[in-house]
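Next comes query37.cif, with mmCIF, C-alpha atoms.
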```cif
data_work
#
loop_
_atom_site.label_atom_id
_atom_site.label_comp_id
_atom_site.auth_asym_id
_atom_site.auth_seq_id
_atom_site.Cartn_x
_atom_site.Cartn_y
_atom_site.Cartn_z
CA MET A 1 53.49 -93.55 18.82
CA ALA A 2 51.48 -96.26 20.41
CA VAL A 3 52.89 -97.45 23.65
CA CYS A 4 50.43 -100.22 24.31
CA ILE A 5 48.02 -102.31 22.27
CA ALA A 6 45.57 -104.79 23.70
CA VAL A 7 43.09 -107.27 22.27
CA ILE A 8 40.31 -108.07 24.73
CA ALA A 9 37.89 -110.96 24.29
CA LYS A 10 34.17 -110.48 24.61
CA GLU A 11 34.24 -111.88 28.13
CA ASN A 12 36.61 -109.03 29.00
CA TYR A 13 39.80 -110.98 29.50
CA PRO A 14 42.91 -110.07 27.52
CA LEU A 15 43.80 -112.17 24.53
CA TYR A 16 46.89 -110.20 23.67
CA ILE A 17 48.50 -107.26 25.37
CA ARG A 18 51.85 -105.71 24.59
CA SER A 19 53.49 -102.50 25.62
CA THR A 20 56.89 -100.92 25.23
CA PRO A 21 59.04 -102.70 27.72
CA THR A 22 61.02 -99.68 28.72
CA GLU A 23 58.33 -98.45 31.03
CA ASN A 24 56.18 -99.89 33.73
CA GLU A 25 53.97 -102.42 31.93
CA LEU A 26 51.58 -102.76 34.80
CA LYS A 27 50.51 -99.18 34.42
CA PHE A 28 49.38 -99.87 30.86
CA HIS A 29 47.61 -103.05 31.84
CA TYR A 30 45.72 -101.02 34.42
CA MET A 31 44.88 -98.29 31.90
CA VAL A 32 43.52 -100.84 29.46
CA HIS A 33 41.48 -102.43 32.22
CA THR A 34 39.91 -99.15 33.24
CA SER A 35 39.23 -98.21 29.63
CA LEU A 36 37.03 -101.30 29.28
CA ASP A 37 34.34 -99.51 31.29
CA VAL A 38 34.35 -96.63 28.83
CA VAL A 39 34.18 -99.09 25.94
CA ASP A 40 31.14 -100.78 27.44
CA GLU A 41 29.50 -97.42 27.98
CA LYS A 42 30.06 -96.42 24.38
CA ILE A 43 28.74 -99.72 23.08
CA SER A 44 25.53 -99.45 25.06
CA ALA A 45 25.12 -95.81 24.03
CA MET A 46 25.44 -96.87 20.42
CA GLY A 47 22.96 -99.63 20.96
CA LYS A 48 20.31 -97.11 21.86
CA ALA A 49 20.99 -94.93 18.83
CA LEU A 50 18.50 -95.35 16.04
CA VAL A 51 21.09 -94.90 13.35
CA ASP A 52 21.47 -97.99 11.21
CA GLN A 53 25.17 -97.62 10.56
CA ARG A 54 27.09 -97.90 13.77
CA GLU A 55 30.81 -97.49 13.64
CA LEU A 56 33.28 -100.10 14.77
CA TYR A 57 35.78 -97.38 15.63
CA LEU A 58 34.94 -95.91 19.03
CA GLY A 59 37.34 -93.00 18.97
CA LEU A 60 39.13 -91.42 21.87
CA LEU A 61 38.05 -93.13 25.05
CA TYR A 62 39.71 -90.89 27.56
CA PRO A 63 42.78 -88.69 27.69
CA THR A 64 45.22 -88.53 30.55
CA GLU A 65 48.06 -86.06 30.85
CA ASP A 66 50.60 -88.34 29.19
CA TYR A 67 48.50 -90.68 27.12
CA LYS A 68 45.38 -90.98 25.04
CA VAL A 69 43.39 -94.17 24.83
CA TYR A 70 41.53 -95.21 21.68
CA GLY A 71 39.06 -98.03 21.28
CA TYR A 72 37.58 -100.22 18.57
CA VAL A 73 35.07 -103.04 18.80
CA THR A 74 34.37 -105.77 16.26
CA ASN A 75 31.10 -107.46 15.41
CA SER A 76 32.08 -110.39 17.58
CA LYS A 77 32.46 -108.05 20.56
CA VAL A 78 36.23 -108.36 20.62
CA LYS A 79 37.72 -105.06 21.69
CA PHE A 80 40.95 -103.46 20.62
CA VAL A 81 42.43 -100.81 22.88
CA MET A 82 45.37 -98.65 21.92
CA VAL A 83 47.28 -96.34 24.23
CA VAL A 84 49.09 -93.54 22.45
CA ASP A 85 51.66 -91.08 23.67
CA SER A 86 50.12 -87.62 23.91
CA SER A 87 53.30 -85.89 22.91
CA ASN A 88 52.92 -87.12 19.36
CA THR A 89 50.46 -84.55 18.06
CA ALA A 90 51.02 -85.51 14.45
CA LEU A 91 49.00 -88.68 14.87
CA ARG A 92 45.63 -88.01 13.31
CA ASP A 93 42.32 -89.74 13.54
CA ASN A 94 42.69 -91.33 10.09
CA GLU A 95 45.96 -92.88 11.06
CA ILE A 96 44.50 -94.36 14.21
CA ARG A 97 41.60 -95.70 12.20
CA SER A 98 43.88 -97.31 9.68
CA MET A 99 45.95 -98.85 12.46
CA PHE A 100 42.82 -100.34 13.94
CA ARG A 101 41.77 -101.63 10.57
CA LYS A 102 45.09 -103.39 10.12
CA LEU A 103 44.77 -104.79 13.62
CA HIS A 104 41.31 -106.08 12.79
CA ASN A 105 42.60 -107.75 9.64
CA SER A 106 45.44 -109.36 11.55
CA TYR A 107 43.05 -110.56 14.22
CA THR A 108 40.79 -112.07 11.57
CA ASP A 109 43.80 -113.91 10.18
CA VAL A 110 44.60 -115.23 13.63
CA MET A 111 41.03 -116.46 13.93
CA CYS A 112 41.37 -118.33 10.63
CA ASN A 113 44.57 -120.00 11.72
CA PRO A 114 43.71 -123.67 12.26
CA PHE A 115 46.20 -123.96 15.09
CA TYR A 116 44.52 -121.24 17.07
CA ASN A 117 41.66 -122.18 19.40
CA PRO A 118 39.28 -119.28 19.79
CA GLY A 119 39.45 -117.97 23.31
CA ASP A 120 43.09 -118.80 23.89
CA ARG A 121 45.76 -116.20 24.39
CA ILE A 122 47.30 -115.18 21.09
CA GLN A 123 50.81 -116.50 20.95
CA SER A 124 51.47 -116.47 17.27
CA ARG A 125 54.86 -115.10 16.30
CA TRP A 126 53.53 -113.60 13.14
CA ALA A 127 50.21 -112.37 14.38
CA LEU A 128 49.99 -108.62 14.28
CA LEU A 129 53.45 -108.28 12.77
CA PRO A 130 52.16 -106.19 9.82
CA VAL A 131 50.69 -103.79 12.31
CA SER A 132 53.97 -103.24 14.06
CA ALA A 133 56.07 -102.83 10.97
CA SER A 134 53.86 -100.61 8.92
CA SER A 135 52.19 -98.30 11.36
CA PRO A 136 52.91 -94.64 10.92
CA GLY A 137 54.78 -92.76 13.53
CA GLY A 138 57.13 -95.54 14.44
CA PRO A 139 57.10 -99.10 15.60
CA TYR A 140 54.66 -100.69 17.92
CA PHE A 141 55.70 -103.60 19.93
CA LEU A 142 53.23 -106.27 19.22
CA CYS A 143 55.01 -109.48 18.59
CA PRO A 144 55.98 -111.85 21.27
CA ILE A 145 59.59 -111.26 21.63
CA GLN A 146 60.70 -114.67 20.57
CA SER A 147 60.50 -114.09 16.89
CA ARG A 148 63.83 -114.07 15.16
CA TRP A 149 62.88 -111.67 12.50
CA ALA A 150 60.09 -109.66 13.99
CA LEU A 151 60.78 -106.04 14.61
CA LEU A 152 64.40 -106.24 13.54
CA PRO A 153 63.96 -103.64 10.80
CA VAL A 154 61.62 -101.80 13.11
CA SER A 155 64.02 -101.49 15.96
CA VAL A 156 66.71 -100.20 13.69
CA SER A 157 64.66 -97.58 11.95
CA SER A 158 62.60 -96.21 14.77
CA PRO A 159 62.91 -92.57 15.62
CA GLY A 160 63.99 -91.59 19.06
CA GLY A 161 66.39 -94.41 19.48
CA PRO A 162 66.29 -98.13 19.56
CA TYR A 163 63.94 -100.20 21.60
CA PHE A 164 65.21 -103.20 23.28
CA LEU A 165 63.29 -106.27 22.65
CA CYS A 166 64.99 -108.53 25.00
CA PRO A 167 65.56 -111.36 24.93
CA ILE A 168 66.20 -111.30 21.22
CA GLN A 169 67.07 -114.78 20.15
CA SER A 170 67.76 -113.86 16.59
CA ARG A 171 70.98 -115.11 15.10
CA TRP A 172 71.26 -112.00 13.11
CA ALA A 173 70.84 -109.57 15.94
CA LEU A 174 74.41 -110.18 17.00
CA LEU A 175 73.43 -110.69 20.54
CA LEU A 176 74.90 -113.26 22.75
CA CYS A 177 72.77 -112.65 25.74
CA PRO A 178 69.54 -110.95 26.68
CA ILE A 179 69.98 -107.24 26.66
CA GLN A 180 70.25 -105.90 30.13
CA SER A 181 72.35 -102.78 29.88
CA ARG A 182 71.85 -99.56 27.97
CA ALA A 183 75.45 -99.26 26.95
CA PHE A 184 75.38 -102.68 25.46
CA ASP A 185 72.11 -101.75 23.75
CA ASN A 186 73.61 -98.73 22.08
CA MET A 187 76.56 -100.66 20.84
CA VAL A 188 74.39 -103.45 19.53
CA THR A 189 72.06 -101.06 17.81
CA SER A 190 74.84 -99.38 15.97
CA MET A 191 76.06 -102.80 14.91
CA MET A 192 72.57 -103.72 13.77
CA ILE A 193 72.35 -100.60 11.69
CA GLN A 194 75.56 -101.51 9.99
CA VAL A 195 74.30 -104.98 9.24
CA CYS A 196 71.03 -103.84 7.80
CA MET B 1 34.24 -120.64 -12.40
CA ALA B 2 35.26 -123.89 -10.83
CA ASP B 3 35.26 -122.25 -7.43
CA THR B 4 31.77 -123.26 -6.44
CA VAL B 5 32.34 -126.95 -6.92
CA LEU B 6 35.66 -127.03 -5.07
CA PHE B 7 33.97 -126.88 -1.71
CA GLU B 8 31.32 -129.39 -2.78
CA PHE B 9 33.93 -131.93 -3.82
CA LEU B 10 35.91 -131.37 -0.63
CA HIS B 11 32.79 -131.77 1.45
CA THR B 12 31.79 -134.98 -0.31
CA GLU B 13 35.23 -136.43 0.29
CA MET B 14 35.17 -135.35 3.94
CA VAL B 15 31.93 -137.17 4.54
CA ALA B 16 33.09 -140.23 2.64
CA GLU B 17 36.38 -140.35 4.52
CA LEU B 18 34.84 -139.98 7.95
CA TRP B 19 32.23 -142.59 7.09
CA ALA B 20 34.80 -145.03 5.79
CA HIS B 21 35.89 -145.65 9.39
CA ASP B 22 32.35 -146.44 10.36
CA PRO B 23 32.52 -150.28 10.17
CA ASP B 24 35.01 -150.23 13.04
CA PRO B 25 33.20 -151.02 16.25
CA GLY B 26 33.02 -148.16 18.74
CA PRO B 27 34.60 -148.25 22.18
CA GLY B 28 33.39 -150.72 24.74
CA VAL B 29 31.95 -153.17 22.28
CA SER B 30 31.81 -156.84 23.07
CA ALA B 31 31.62 -159.82 20.75
CA GLY B 32 28.32 -160.68 19.20
CA SER B 33 26.06 -159.22 16.55
CA ARG B 34 24.22 -156.97 18.97
CA GLY B 35 27.52 -155.52 20.17
CA GLU B 36 28.66 -154.83 16.63
CA GLU B 37 25.50 -152.94 15.81
CA VAL B 38 25.89 -150.75 18.86
CA GLY B 39 29.49 -150.13 17.91
CA ALA B 40 28.47 -149.13 14.42
CA THR B 41 25.94 -146.58 15.62
CA THR B 42 28.32 -145.02 18.13
CA GLY B 43 30.85 -144.83 15.32
CA GLN B 44 28.28 -143.04 13.18
CA LYS B 45 27.45 -140.60 15.93
CA MET B 46 31.13 -139.87 16.41
CA SER B 47 31.53 -139.15 12.71
CA LEU B 48 28.55 -136.83 12.77
CA SER B 49 29.91 -134.95 15.74
CA VAL B 50 33.36 -134.77 14.15
CA LEU B 51 31.81 -133.27 11.02
CA GLU B 52 29.76 -130.89 13.10
CA SER B 53 32.77 -129.70 15.07
CA MET B 54 34.71 -129.15 11.86
CA GLY B 55 31.86 -127.00 10.63
CA PHE B 56 31.83 -125.21 13.98
CA ARG B 57 35.45 -124.12 13.71
CA VAL B 58 34.96 -122.96 10.12
CA GLY B 59 31.84 -121.09 11.18
CA GLN B 60 33.75 -119.32 13.94
CA ALA B 61 36.36 -118.09 11.47
CA LEU B 62 33.71 -117.05 8.94
CA GLY B 63 31.72 -115.26 11.61
CA GLU B 64 34.80 -113.17 12.28
CA ARG B 65 35.70 -112.49 8.68
CA LEU B 66 32.38 -111.83 7.01
CA PRO B 67 30.57 -109.06 8.90
CA ARG B 68 32.51 -105.95 8.11
CA GLU B 69 32.95 -102.29 8.82
CA THR B 70 29.69 -101.63 10.60
CA LEU B 71 28.10 -102.90 13.76
CA ALA B 72 24.98 -104.08 12.07
CA PHE B 73 23.54 -106.51 14.60
CA ARG B 74 21.13 -104.95 16.96
CA GLU B 75 19.24 -108.11 17.82
CA GLU B 76 19.04 -111.83 17.17
CA LEU B 77 16.90 -111.49 14.09
CA ASP B 78 19.57 -109.32 12.46
CA VAL B 79 22.14 -112.02 13.09
CA LEU B 80 19.87 -114.68 11.58
CA LYS B 81 19.26 -112.49 8.56
CA PHE B 82 23.00 -112.11 8.17
CA LEU B 83 23.31 -115.90 8.22
CA CYS B 84 20.62 -116.33 5.62
CA LYS B 85 21.97 -113.70 3.31
CA ASP B 86 25.68 -112.99 3.65
CA LEU B 87 26.90 -116.29 5.04
CA TRP B 88 24.88 -118.44 2.68
CA VAL B 89 25.90 -116.35 -0.32
CA ALA B 90 29.55 -116.55 0.68
CA VAL B 91 29.52 -120.32 1.08
CA PHE B 92 26.86 -121.52 -1.34
CA GLN B 93 26.46 -118.58 -3.74
CA LYS B 94 22.76 -118.29 -3.07
CA GLN B 95 20.56 -116.94 -0.33
CA MET B 96 18.48 -119.00 2.04
CA ASP B 97 14.99 -119.35 0.69
CA SER B 98 12.97 -118.77 3.80
CA LEU B 99 13.40 -117.85 7.42
CA ARG B 100 10.63 -118.42 9.90
CA THR B 101 10.56 -117.74 13.58
CA ASN B 102 8.26 -118.00 16.52
CA HIS B 103 10.00 -115.03 18.14
CA GLN B 104 10.79 -117.16 21.13
CA GLY B 105 14.17 -118.43 20.16
CA THR B 106 13.28 -120.94 17.45
CA TYR B 107 14.19 -120.20 13.86
CA VAL B 108 13.64 -122.43 10.87
CA LEU B 109 15.80 -121.76 7.85
CA GLN B 110 14.65 -123.49 4.72
CA ASP B 111 16.69 -124.00 1.61
CA ASN B 112 14.74 -125.33 -1.36
CA SER B 113 17.74 -126.41 -3.37
CA PHE B 114 20.61 -127.00 -1.02
CA PRO B 115 23.77 -127.13 -3.14
CA LEU B 116 25.34 -129.98 -1.20
CA LEU B 117 22.28 -132.17 -1.75
CA LEU B 118 21.43 -131.01 -5.25
CA PRO B 119 23.75 -133.30 -7.17
CA MET B 120 22.62 -136.36 -5.23
CA ALA B 121 18.98 -136.86 -6.09
CA SER B 122 15.65 -135.17 -6.34
CA GLY B 123 12.90 -136.69 -4.28
CA LEU B 124 12.98 -139.47 -1.75
CA GLN B 125 15.97 -141.42 -2.97
CA TYR B 126 18.94 -141.41 -0.56
CA LEU B 127 16.85 -139.88 2.19
CA GLU B 128 18.63 -141.93 4.89
CA GLU B 129 22.03 -140.84 3.66
CA ALA B 130 21.17 -137.16 3.62
CA PRO B 131 21.74 -136.25 7.31
CA LYS B 132 25.46 -136.86 7.18
CA PHE B 133 25.77 -134.33 4.40
CA LEU B 134 24.10 -131.74 6.57
CA ALA B 135 26.22 -132.15 9.70
CA PHE B 136 29.01 -129.86 8.53
CA THR B 137 26.57 -127.11 7.63
CA CYS B 138 24.85 -127.36 11.01
CA GLY B 139 28.22 -126.84 12.62
CA LEU B 140 28.89 -123.92 10.29
CA LEU B 141 25.74 -122.17 11.43
CA ARG B 142 26.44 -122.89 15.09
CA GLY B 143 30.00 -121.61 14.80
CA ALA B 144 29.02 -118.37 13.11
CA LEU B 145 26.34 -117.78 15.75
CA CYS B 146 28.86 -118.48 18.50
CA THR B 147 31.31 -115.85 17.23
CA LEU B 148 28.50 -113.35 17.01
CA GLY B 149 27.63 -114.02 20.61
CA ILE B 150 24.70 -116.44 20.41
CA GLU B 151 24.82 -119.92 21.90
CA SER B 152 22.53 -122.20 19.98
CA VAL B 153 21.64 -125.73 18.98
CA VAL B 154 21.32 -126.36 15.26
CA THR B 155 19.68 -129.42 13.76
CA ALA B 156 18.77 -130.23 10.20
CA SER B 157 16.02 -132.24 8.63
CA VAL B 158 15.26 -133.38 5.13
CA ALA B 159 11.78 -134.18 3.92
CA ALA B 160 12.63 -134.63 0.27
CA LEU B 161 15.92 -133.91 -1.43
CA PRO B 162 17.08 -131.24 -2.10
CA VAL B 163 14.82 -129.27 0.23
CA CYS B 164 16.23 -129.09 3.72
CA LYS B 165 15.44 -127.21 6.87
CA PHE B 166 17.85 -126.05 9.53
CA GLN B 167 16.34 -125.48 12.91
CA VAL B 168 18.15 -123.06 15.21
CA LEU B 169 17.19 -123.18 18.85
CA ILE B 170 18.40 -120.34 20.98
CA PRO B 171 17.73 -121.00 24.65
CA LYS B 172 16.37 -118.07 26.56
CA SER B 173 18.64 -117.02 29.40
#
```

Now that the file is in, can you turn its structure into structure tokens?
Amino acid sequence: MAVCIAVIAKENYPLYIRSTPTENELKFHYMVHTSLDVVDEKISAMGKALVDQRELYLGLLYPTEDYKVYGYVTNSKVKFVMVVDSSNTALRDNEIRSMFRKLHNSYTDVMCNPFYNPGDRIQSRWALLPVSASSPGGPYFLCPIQSRWALLPVSVSSPGGPYFLCPIQSRWALLLCPIQSRAFDNMVTSMMIQVC
Amino acid sequence: MADTVLFEFLHTEMVAELWAHDPDPGPGVSAGSRGEEVGATTGQKMSLSVLESMGFRVGQALGERLPRETLAFREELDVLKFLCKDLWVAVFQKQMDSLRTNHQGTYVLQDNSFPLLLPMASGLQYLEEAPKFLAFTCGLLRGALCTLGIESVVTASVAALPVCKFQVLIPKS
């Protein structure tokens, strides 16, 4: 299960970065930042290779004891970095590749959005939603958490318990206030399951 | 079937619409015939740059969407070849006819039957009107180059319709 996904512009500043809010986000931001060096190294190594077909998918960048970091670079030098929980051994290379492909397609759609200025931070509610809902191994938290509908089915159906996407402003989430307590979370989640 | 002409019609209307506002005097114009002429030319330049920036944004999106699946660009020439082949085929259903370079950052792309100029005339008629129909395409090229990491200046010139040349200048840094 991916715990953090980041889209980095070619000038190496983040366009979009989201991680599961239950843990320390800063740690993931730092991991993504350090992985940029590895990405650059891989790109320059590929540049020297004489092979005509060079892959967009960079593969595993580096493993730590809890997490593995995967990278992907597009033709416009926009980098996608994904941090995955190591404990999920069922996640195979193909699945990571397909997740990156979906991410690439979503990013291309964002680029084609006339209201998006290239180079700005990605704030679209719907950007990257397909990636979060349809990725294997559970939900990934990619949407800015102001969408009413985003991740509602995801939060209900995720394995290992619900994830709290506070503040959820959805009418249908039966919440009256931003989620702050776990007990409240559990109660709300069971209500949500009943609704859906 | 009708797909190829859809863009041509849209483009013609875009140019016509942006040019329709041309008679308005530009900013800072004073009374008098000389002032009105100046206003008209600044209005024209604004329309050209509006068209060019529209093309730029479209080019940025196309530059993201078209190159796929493989990191194929090892150097500038590869990017220009991509423009001449894939981009031109995607937009105009034909390839660019010739690409010349002096290997020092100047590329001349020549199209012997540019689809946006083809229905207008063949020869020297309408030569003065031709540049405004090329502004969008200049922006398109510049936008695609920008997404692929190359800052450039693109200009177009027409010697005789429908042959046109796009000159891409990439400053050495």

**OP:** Apply the PyMOL selection byres ((chain B) within 9 of (chain A)) to the file shown and report the selected residues as a list in words.
**Re:** Arg57, Val58, Gln60, Ala61, Leu62, Gly63, Glu64, Arg65, Pro67, Arg68, Glu69, Thr70, Leu71, Ala72, Phe73, Arg74, Cys146, Thr147, Leu148 and Gly149 of chain B

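Taking atom CA of A:Asp120 as the reference point, atom CA of B:Asp78 is found at 27.8 Å.
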
**OP:** Could you expand the PyMOL selection byres ((chain B and resi 106-110) around 6) into the explicit residues it covers here, written as an MDAnalysis selection string?
**Re:** chainID B and resid 97:102 104:105 111 164:169

Original post:
So what does the PyMOL selection byres ((chain A and resi 18) around 6) actually pick up in this one, as a ChimeraX atom specification?
Top reply: /A:4-5,17,19,142

**OP:** Select all residues near (38.9, -90.1, 22.0) (cut-off 10 Å, inclusive, file coordinates), counting only C-alpha atoms, and output them as an MDAnalysis selection string.
**Re:** chainID A and resid 58:63 68:71 93
